[in-house]
>>> print(open('work32.csv').read())   # CSV, C-alpha atoms
chain,number,residue,atom,x,y,z
A,36,MET,CA,63.2,23.2,31.9
A,37,LYS,CA,63.6,21.8,35.4
A,38,SER,CA,66.8,22.6,37.1
A,39,ILE,CA,68.8,21.2,40.0
A,40,ALA,CA,68.6,24.6,41.6
A,41,GLU,CA,64.9,24.1,42.2
A,42,LEU,CA,65.8,21.1,44.4
A,43,GLU,CA,67.5,23.5,46.9
A,44,GLU,CA,64.3,25.5,47.0
A,45,ILE,CA,62.3,22.3,47.7
A,46,ARG,CA,64.7,21.4,50.4
A,47,LYS,CA,64.3,24.8,52.2
A,48,LYS,CA,60.6,24.8,51.8
A,49,THR,CA,59.9,21.3,53.1
A,50,LEU,CA,62.6,21.0,55.8
A,51,GLU,CA,60.4,22.5,58.5
A,52,GLU,CA,57.4,20.4,57.7
A,53,ILE,CA,59.5,17.2,57.6
A,54,GLY,CA,60.8,17.9,61.2
A,55,LEU,CA,57.2,18.1,62.4
A,56,ARG,CA,56.1,14.7,61.2
A,57,LYS,CA,59.3,12.7,61.7
A,58,ASN,CA,58.1,10.5,64.6
A,59,LYS,CA,54.5,10.1,63.5
A,60,ASP,CA,53.4,6.7,62.4
A,61,GLY,CA,50.8,6.6,59.6
A,62,TYR,CA,49.0,4.2,57.4
A,63,ARG,CA,50.9,2.1,54.8
A,64,ILE,CA,49.3,1.4,51.4
A,65,VAL,CA,50.8,-1.5,49.6
A,66,VAL,CA,50.0,-2.0,45.9
A,67,GLY,CA,50.6,-5.4,44.2
A,68,MET,CA,52.9,-4.6,41.3
A,69,ALA,CA,53.8,-8.0,39.8
A,70,THR,CA,53.0,-8.8,36.1
A,71,CYS,CA,49.4,-9.7,37.1
A,72,GLY,CA,48.8,-6.4,38.9
A,73,ILE,CA,50.4,-4.3,36.3
A,74,ALA,CA,48.4,-5.9,33.5
A,75,ALA,CA,45.2,-5.4,35.5
A,76,GLY,CA,46.0,-1.6,35.9
A,77,ALA,CA,47.8,-1.4,39.2
A,78,ARG,CA,50.0,1.6,38.1
A,79,PRO,CA,47.1,4.0,37.6
A,80,VAL,CA,45.7,2.8,40.9
A,81,MET,CA,49.0,3.6,42.7
A,82,GLN,CA,49.2,6.9,41.0
A,83,ALA,CA,45.6,7.8,42.1
A,84,PHE,CA,46.6,7.0,45.8
A,85,VAL,CA,49.7,9.2,45.5
A,86,GLU,CA,47.8,12.1,43.8
A,87,GLU,CA,44.9,12.0,46.3
A,88,LEU,CA,47.2,11.9,49.3
A,89,LYS,CA,49.1,14.9,47.9
A,90,LYS,CA,45.9,16.8,47.3
A,91,ARG,CA,44.8,16.2,50.9
A,92,ASN,CA,48.3,16.9,52.3
A,93,LEU,CA,48.5,13.5,54.0
A,94,HIS,CA,52.3,13.3,54.1
A,95,ASP,CA,52.5,10.7,56.8
A,96,VAL,CA,50.9,8.0,54.6
A,97,GLN,CA,53.4,5.7,52.9
A,98,VAL,CA,52.6,4.3,49.5
A,99,THR,CA,54.7,1.3,48.4
A,100,MET,CA,54.6,-1.7,46.1
A,101,THR,CA,55.1,-5.4,46.4
A,102,GLY,CA,55.2,-8.5,44.2
A,103,CYS,CA,52.5,-11.0,43.6
A,104,ILE,CA,50.0,-11.1,46.5
A,105,GLY,CA,48.7,-14.5,45.3
A,106,VAL,CA,45.1,-13.9,44.1
A,107,CYS,CA,45.9,-12.7,40.5
A,108,ARG,CA,42.3,-12.9,39.3
A,109,LEU,CA,41.3,-10.2,41.8
A,110,GLU,CA,44.1,-7.7,40.8
A,111,PRO,CA,44.7,-4.8,41.2
A,112,ILE,CA,45.0,-5.6,44.9
A,113,VAL,CA,45.9,-3.1,47.6
A,114,GLU,CA,46.6,-3.7,51.2
A,115,VAL,CA,46.0,-0.9,53.7
A,116,ILE,CA,47.9,-1.4,56.9
A,117,SER,CA,47.0,0.8,59.8
A,118,PRO,CA,49.5,2.1,62.4
A,119,ASP,CA,48.4,-0.6,64.9
A,120,GLY,CA,49.4,-3.3,62.3
A,121,SER,CA,45.9,-4.5,61.2
A,122,LYS,CA,45.5,-5.1,57.5
A,123,VAL,CA,42.6,-4.6,55.1
A,124,THR,CA,42.9,-6.1,51.6
A,125,TYR,CA,41.0,-4.3,48.8
A,126,VAL,CA,40.5,-6.1,45.4
A,127,GLU,CA,39.7,-5.3,41.8
A,128,MET,CA,40.8,-1.7,42.5
A,129,THR,CA,40.4,1.3,40.2
A,130,PRO,CA,41.7,4.9,40.5
A,131,GLU,CA,38.1,5.9,41.5
A,132,LYS,CA,38.0,3.3,44.2
A,133,ALA,CA,41.4,4.5,45.4
A,134,VAL,CA,40.1,8.0,45.9
A,135,ARG,CA,37.2,6.6,47.9
A,136,VAL,CA,39.5,4.5,50.1
A,137,VAL,CA,41.6,7.6,50.9
A,138,ALA,CA,38.5,9.6,51.9
A,139,GLU,CA,36.7,6.9,53.9
A,140,HIS,CA,39.4,4.6,55.3
A,141,ILE,CA,42.6,6.7,55.6
A,142,VAL,CA,40.9,10.0,56.6
A,143,ASN,CA,37.8,8.8,58.4
A,144,GLY,CA,39.0,5.4,59.6
A,145,ARG,CA,35.9,3.6,58.1
A,146,VAL,CA,36.8,0.5,56.1
A,147,CYS,CA,35.2,0.3,52.6
A,148,ARG,CA,33.7,-3.2,53.2
A,149,ASP,CA,32.2,-3.6,49.8
A,150,LEU,CA,35.6,-3.4,48.2
A,151,THR,CA,37.4,-5.9,50.4
A,152,ILE,CA,38.5,-9.4,49.5
A,153,GLY,CA,36.1,-10.8,52.1
A,154,GLU,CA,33.2,-9.2,50.3
A,155,ALA,CA,34.4,-10.3,46.8
A,156,GLU,CA,34.9,-13.9,48.0
A,157,GLY,CA,31.7,-14.1,50.0
A,158,VAL,CA,33.5,-14.8,53.4
A,159,LYS,CA,32.8,-13.0,56.6
B,112,MET,CA,43.0,-1.1,31.0
B,113,GLY,CA,44.3,-4.5,30.3
B,114,LEU,CA,47.6,-6.2,29.5
B,115,MET,CA,51.0,-4.9,29.0
B,116,ARG,CA,50.2,-2.5,26.3
B,117,ASP,CA,53.3,-0.3,26.3
B,118,ILE,CA,57.0,-0.3,27.1
B,119,SER,CA,56.6,1.7,30.3
B,120,LEU,CA,54.5,-1.1,31.8
B,121,HIS,CA,57.0,-3.8,30.8
B,122,LEU,CA,59.7,-1.5,32.4
B,123,LEU,CA,57.7,-1.4,35.7
B,124,ASP,CA,57.5,-5.2,35.6
B,125,ILE,CA,61.2,-5.6,35.0
B,126,LEU,CA,62.0,-3.1,37.8
B,127,GLN,CA,59.8,-5.1,40.2
B,128,ASN,CA,61.9,-8.2,39.3
B,129,SER,CA,65.1,-6.3,40.1
B,130,LEU,CA,63.6,-5.1,43.4
B,131,THR,CA,62.5,-8.6,44.3
B,132,ALA,CA,66.1,-9.7,43.6
B,133,LYS,CA,67.1,-7.1,46.3
B,134,ALA,CA,68.8,-4.7,43.9
B,135,THR,CA,69.9,-1.4,45.5
B,136,LYS,CA,71.3,0.1,42.3
B,137,ILE,CA,69.4,0.0,39.0
B,138,SER,CA,70.2,1.8,35.8
B,139,ILE,CA,67.7,2.3,33.0
B,140,HIS,CA,68.5,3.3,29.4
B,141,VAL,CA,66.0,4.0,26.7
B,142,GLY,CA,67.6,4.7,23.4
B,143,ALA,CA,66.4,5.4,19.9
B,144,LEU,CA,68.6,4.9,16.8
B,145,PRO,CA,66.5,5.9,13.7
B,146,SER,CA,69.5,5.1,11.3
B,147,GLN,CA,69.3,1.5,12.4
B,148,ASP,CA,65.5,1.6,12.9
B,149,LEU,CA,66.1,0.5,16.5
B,150,LEU,CA,64.5,1.3,19.9
B,151,TYR,CA,66.1,-0.3,22.9
B,152,LEU,CA,65.6,-0.6,26.6
B,153,THR,CA,68.3,-1.8,29.0
B,154,VAL,CA,68.0,-2.3,32.7
B,155,THR,CA,71.0,-3.2,34.7
B,156,ASP,CA,70.8,-4.1,38.4
B,157,ASN,CA,73.1,-5.2,41.2
B,158,GLY,CA,70.5,-7.7,42.5
B,159,SER,CA,71.0,-11.3,43.4
B,160,GLY,CA,71.4,-12.5,39.8
B,161,MET,CA,70.5,-15.9,38.5
B,162,GLU,CA,72.2,-19.3,38.2
B,163,ALA,CA,72.9,-20.4,34.6
B,164,GLU,CA,70.2,-23.0,35.0
B,165,LEU,CA,67.5,-20.5,35.8
B,166,LEU,CA,68.7,-18.1,33.2
B,167,ARG,CA,68.4,-20.8,30.5
B,168,ARG,CA,64.7,-21.4,31.3
B,169,VAL,CA,63.7,-17.9,32.2
B,170,PHE,CA,61.5,-17.3,29.1
B,171,ASP,CA,59.5,-20.3,29.9
B,172,PRO,CA,56.1,-19.1,31.3
B,173,PHE,CA,56.1,-22.0,33.7
B,174,VAL,CA,59.3,-20.9,35.4
B,175,THR,CA,59.0,-18.4,38.2
B,176,THR,CA,60.6,-17.7,41.6
B,177,ARG,CA,57.3,-16.5,43.1
B,178,LYS,CA,55.8,-18.7,45.8
B,179,THR,CA,52.2,-17.9,45.2
B,180,ARG,CA,51.7,-19.7,41.9
B,181,PRO,CA,53.8,-21.6,39.3
B,182,VAL,CA,53.4,-19.2,36.4
B,183,GLY,CA,55.6,-16.2,35.5
B,184,LEU,CA,54.6,-14.2,32.5
B,185,GLY,CA,56.6,-11.0,32.8
B,186,LEU,CA,59.7,-12.0,30.7
B,187,PRO,CA,57.8,-14.2,28.2
B,188,LEU,CA,55.4,-11.3,27.5
B,189,LEU,CA,58.2,-8.8,27.0
B,190,LYS,CA,60.2,-11.2,24.8
B,191,GLU,CA,57.1,-11.7,22.6
B,192,ALA,CA,56.4,-8.0,22.4
B,193,ALA,CA,60.0,-7.4,21.3
B,194,LYS,CA,59.9,-10.2,18.7
B,195,ARG,CA,56.6,-9.1,17.3
B,196,SER,CA,58.3,-5.8,16.2
B,197,GLY,CA,61.5,-7.5,14.8
B,198,GLY,CA,63.5,-7.2,18.0
B,199,ASP,CA,64.4,-9.5,20.9
B,200,LEU,CA,65.1,-9.8,24.6
B,201,ILE,CA,68.5,-10.7,25.8
B,202,ILE,CA,69.4,-11.3,29.5
B,203,GLU,CA,72.8,-11.7,31.0
B,204,SER,CA,73.1,-12.5,34.7
B,205,VAL,CA,75.8,-13.5,37.2
B,206,LYS,CA,74.7,-15.1,40.4
B,207,GLY,CA,75.5,-12.7,43.3
B,208,ARG,CA,76.5,-9.9,40.9
B,209,GLY,CA,73.3,-8.8,39.1
B,210,THR,CA,71.4,-8.9,35.9
B,211,LYS,CA,71.4,-7.0,32.7
B,212,LEU,CA,68.5,-7.1,30.4
B,213,LYS,CA,68.2,-5.6,26.9
B,214,ALA,CA,65.0,-5.4,24.9
B,215,THR,CA,65.2,-4.3,21.3
B,216,PHE,CA,62.3,-3.2,19.1
B,217,GLY,CA,62.0,-2.2,15.4
B,218,LEU,CA,61.5,1.5,15.8
B,219,SER,CA,59.2,2.0,12.9
B,220,HIS,CA,57.6,-1.4,13.0
B,221,ILE,CA,53.8,-1.3,13.1
B,222,ASP,CA,53.7,-3.8,16.0
B,223,ARG,CA,56.2,-2.0,18.2
B,224,PRO,CA,54.5,-1.1,21.5
B,225,PRO,CA,54.4,2.7,22.2
B,226,LEU,CA,56.8,4.0,24.9
B,227,GLY,CA,54.0,4.8,27.3
B,228,ASP,CA,54.5,6.9,30.4
B,229,ILE,CA,58.1,6.1,31.3
B,230,ALA,CA,58.2,9.1,33.8
B,231,ASP,CA,55.2,7.7,35.6
B,232,THR,CA,56.8,4.2,35.9
B,233,VAL,CA,60.0,5.8,37.4
B,234,VAL,CA,58.0,8.0,39.8
B,235,MET,CA,56.0,5.0,41.1
B,236,VAL,CA,59.2,3.1,41.8
B,237,VAL,CA,60.8,6.1,43.6
B,238,THR,CA,57.5,6.5,45.6
B,239,ALA,CA,57.8,3.0,46.8
B,240,HIS,CA,61.6,2.8,47.1
B,241,PRO,CA,63.0,6.3,47.9
B,242,ASP,CA,66.4,4.9,48.9
B,243,LEU,CA,67.1,3.1,45.6
B,244,ASP,CA,70.1,4.3,43.6
B,245,LEU,CA,68.3,4.7,40.3
B,246,ALA,CA,69.8,6.2,37.1
B,247,VAL,CA,67.7,7.0,34.1
B,248,CYS,CA,69.1,7.8,30.7
B,249,PHE,CA,67.3,8.7,27.5
B,250,SER,CA,69.3,9.0,24.2
B,251,ASN,CA,68.8,9.4,20.5
B,252,GLN,CA,71.4,9.5,17.7
B,253,THR,CA,72.9,12.9,18.8
B,254,ALA,CA,71.9,13.7,22.3
B,255,SER,CA,71.2,12.2,25.7
B,256,ARG,CA,69.7,13.2,29.0
B,257,GLU,CA,70.4,11.6,32.4
B,258,LEU,CA,68.9,11.7,35.9
B,259,GLN,CA,70.8,10.2,38.7
B,260,LEU,CA,68.9,9.9,42.0
B,261,ALA,CA,72.1,9.7,44.0
B,262,GLU,CA,73.0,13.1,42.6
B,263,ILE,CA,69.5,14.5,43.5
B,264,ARG,CA,69.8,13.2,47.0
B,265,LYS,CA,72.9,15.3,47.6
B,266,HIS,CA,70.9,18.4,47.0
B,267,LEU,CA,68.0,17.3,49.2
B,268,GLY,CA,69.8,16.5,52.4
B,269,ASP,CA,67.2,15.0,54.8
B,270,ILE,CA,64.2,15.3,52.5
B,271,PRO,CA,63.2,11.8,51.2
B,272,LEU,CA,62.9,11.4,47.5
B,273,ASN,CA,59.3,10.3,47.9
B,274,HIS,CA,58.2,13.7,49.2
B,275,ALA,CA,55.4,15.0,47.0
B,276,GLU,CA,57.3,18.1,45.9
B,277,VAL,CA,60.4,16.0,44.9
B,278,LEU,CA,58.3,13.4,43.0
B,279,ASN,CA,56.7,16.3,41.1
B,280,TRP,CA,60.1,17.6,40.2
B,281,ILE,CA,61.3,14.2,39.1
B,282,LYS,CA,58.2,13.7,37.0
B,283,ASP,CA,58.6,17.1,35.3
B,284,TYR,CA,62.3,16.6,34.7
B,285,LEU,CA,61.8,13.2,33.1
B,286,THR,CA,58.9,14.5,31.0
B,287,ASP,CA,61.0,17.4,29.7
B,288,SER,CA,63.8,15.0,29.0
B,289,LEU,CA,61.6,12.5,27.1
B,290,LYS,CA,60.2,15.4,25.0
B,291,ALA,CA,63.7,16.7,24.3
B,292,ILE,CA,65.1,13.3,23.3
B,293,PHE,CA,62.2,11.6,21.6
B,294,GLY,CA,60.3,14.5,20.1
B,295,GLY,CA,57.1,16.2,21.0
B,296,VAL,CA,54.6,13.4,21.5
B,297,LEU,CA,55.0,12.2,25.0
B,298,ASP,CA,54.4,8.5,24.8
B,299,GLU,CA,56.0,8.1,21.4
B,300,VAL,CA,59.3,8.3,19.6
B,301,ASN,CA,59.5,11.0,17.0
B,302,CYS,CA,63.1,11.7,16.3
>>> encode(input="work32.csv", output="structure tokens")
Amino acid sequence: MKSIAELEEIRKKTLEEIGLRKNKDGYRIVVGMATCGIAAGARPVMQAFVEELKKRNLHDVQVTMTGCIGVCRLEPIVEVISPDGSKVTYVEMTPEKAVRVVAEHIVNGRVCRDLTIGEAEGVK
Amino acid sequence: MGLMRDISLHLLDILQNSLTAKATKISIHVGALPSQDLLYLTVTDNGSGMEAELLRRVFDPFVTTRKTRPVGLGLPLLKEAAKRSGGDLIIESVKGRGTKLKATFGLSHIDRPPLGDIADTVVMVVTAHPDLDLAVCFSNQTASRELQLAEIRKHLGDIPLNHAEVLNWIKDYLTDSLKAIFGGVLDEVNC
């Protein structure tokens, strides 16, 4: 059984690490979580991002959710916003694709072009 | 994949509504009452609420507040899911005060959706909204378990609730609680 006392341990353990990254800006990952996104499988996609970032100890990446992005037929949709404010929109996401986006885009800074909305809609 | 196949996905959808309505305090209650063959889900928020006029039409799929397209299926789908199992969906709302939603299901009805992964829904919401004052309660006929994030925050000081270690703790705590209240099978009610 989980106990409140464990929270104190977590606090002690993570306090130092938190101090180190307080003023570091990282990527922001925004998952569309309206009815359309949820029905298309957005929750396991978001979970895959959270798990993969945890596995790689990427604590300065923020994962968040938003309402309907507007292209419901391409859900699950994920926007990756880099520290400089530029945005890449990934469509028809799956947990497997999420793992790839973390490895290629977040870690190595290479956009997964074949997964973007531009590619899906045939615009350059 | 596909569609809103369990109660935890409907819950995520409703919570997103509350967050869109700028709620800062949300309380979730999942309760099972085998003696009345009833499973219920209530979500209460302090969001912006709805005018009586919108509230009256809110189960109409062609009513929505989203700007992106004129269709809103979240509440109609939940109402249908509840009704299919002999339950219903009732919403009370006061403009400027907040909204209370109660979905009921026939506990043993063959068409009742499974609970799904309630813990995962809560963890995803906390990941995205670490400052939200969320309270989660599970209850059956004789016992209940509660988690109040405001309480957790007191023990954590400066550590945000969406730190990986804290999210793990929340997930495990809720999973334990679900098992204790609803029986051994995680996404089902067995009490």
>>> atom_distance(input="work32.csv", atom1="CA of Pro271 (chain B)", atom2="CA of Thr49 (chain A)")
10.2 Å
>>> atom_distance(input="work32.csv", atom1="CA of Asp156 (chain B)", atom2="CA of His121 (chain B)")
15.8 Å
>>> interface_residues(input="work32.csv", of="chain B", to="chain A", cutoff="8 Å", atoms="only C-alpha atoms", output="number ranges by chain")
B: 112-115, 120, 123-124, 127, 131, 177, 179-180, 183-185, 232, 235-236, 238-240, 263, 266-270, 274-277, 280, 283-284, 287
>>> atom_distance(input="work32.csv", atom1="CA of Leu122 (chain B)", atom2="CA of Asp231 (chain B)")
10.7 Å
>>> residues_around(input="work32.csv", residues="Ala192 (chain B)", least_positions_apart="4", cutoff="8 Å", atoms="all atoms listed in the file", output="VMD selection string")
chain B and resid 188 196 223 to 224
>>> write_last_selection(input="work32.csv", atoms="C-alpha atoms", output="PDB file, in the frame of the given file")
ATOM      1  CA  LEU B 188      55.400 -11.300  27.500  1.00  0.00           C
ATOM      2  CA  SER B 196      58.300  -5.800  16.200  1.00  0.00           C
ATOM      3  CA  ARG B 223      56.200  -2.000  18.200  1.00  0.00           C
ATOM      4  CA  PRO B 224      54.500  -1.100  21.500  1.00  0.00           C
TER       5      PRO B 224
END
>>> residues_around(input="work32.csv", residues="Ala138 (chain A)", least_positions_apart="4", cutoff="12 Å", atoms="all atoms listed in the file", output="list of chain:residue names")
A:Phe84, A:Glu87, A:Leu88, A:Lys90, A:Arg91, A:Leu93, A:Glu131, A:Lys132, A:Ala133, A:Val134, A:Val142, A:Asn143, A:Gly144, A:Arg145, A:Val146, A:Cys147
>>> residues_around(input="work32.csv", residues="region 132-136 of chain B", least_positions_apart="6", cutoff="6 Å", atoms="all atoms listed in the file", output="ChimeraX atom specification")
/B:156-159,243-245
>>> closest_residue(input="work32.csv", among="B:Ala261, B:Ala230, B:Ile139, B:Ala254", to="Leu152 (chain B)", atoms="only C-alpha atoms")
B:Ile139
>>> residues_around(input="work32.csv", residues="Asp119 (chain A)", least_positions_apart="2", cutoff="12 Å", atoms="all atoms listed in the file", output="list in words")
Asp60, Gly61, Tyr62, Arg63, Val115, Ile116, Ser117, Ser121 and Lys122 of chain A
>>> closest_residue(input="work32.csv", among="B:Glu203, B:Phe249, B:Asp148, B:Leu189", to="Leu166 (chain B)", atoms="all atoms listed in the file")
B:Glu203
>>> closest_residue(input="work32.csv", among="B:Leu260, B:Cys248, B:Ile229, B:Ala143", to="Thr286 (chain B)", atoms="all atoms listed in the file")
B:Ile229
>>> residues_around(input="work32.csv", residues="Asp222 (chain B)", least_positions_apart="2", cutoff="10 Å", atoms="only C-alpha atoms", output="PyMOL selection string")
chain B and resi 192-197+216-220+224-225
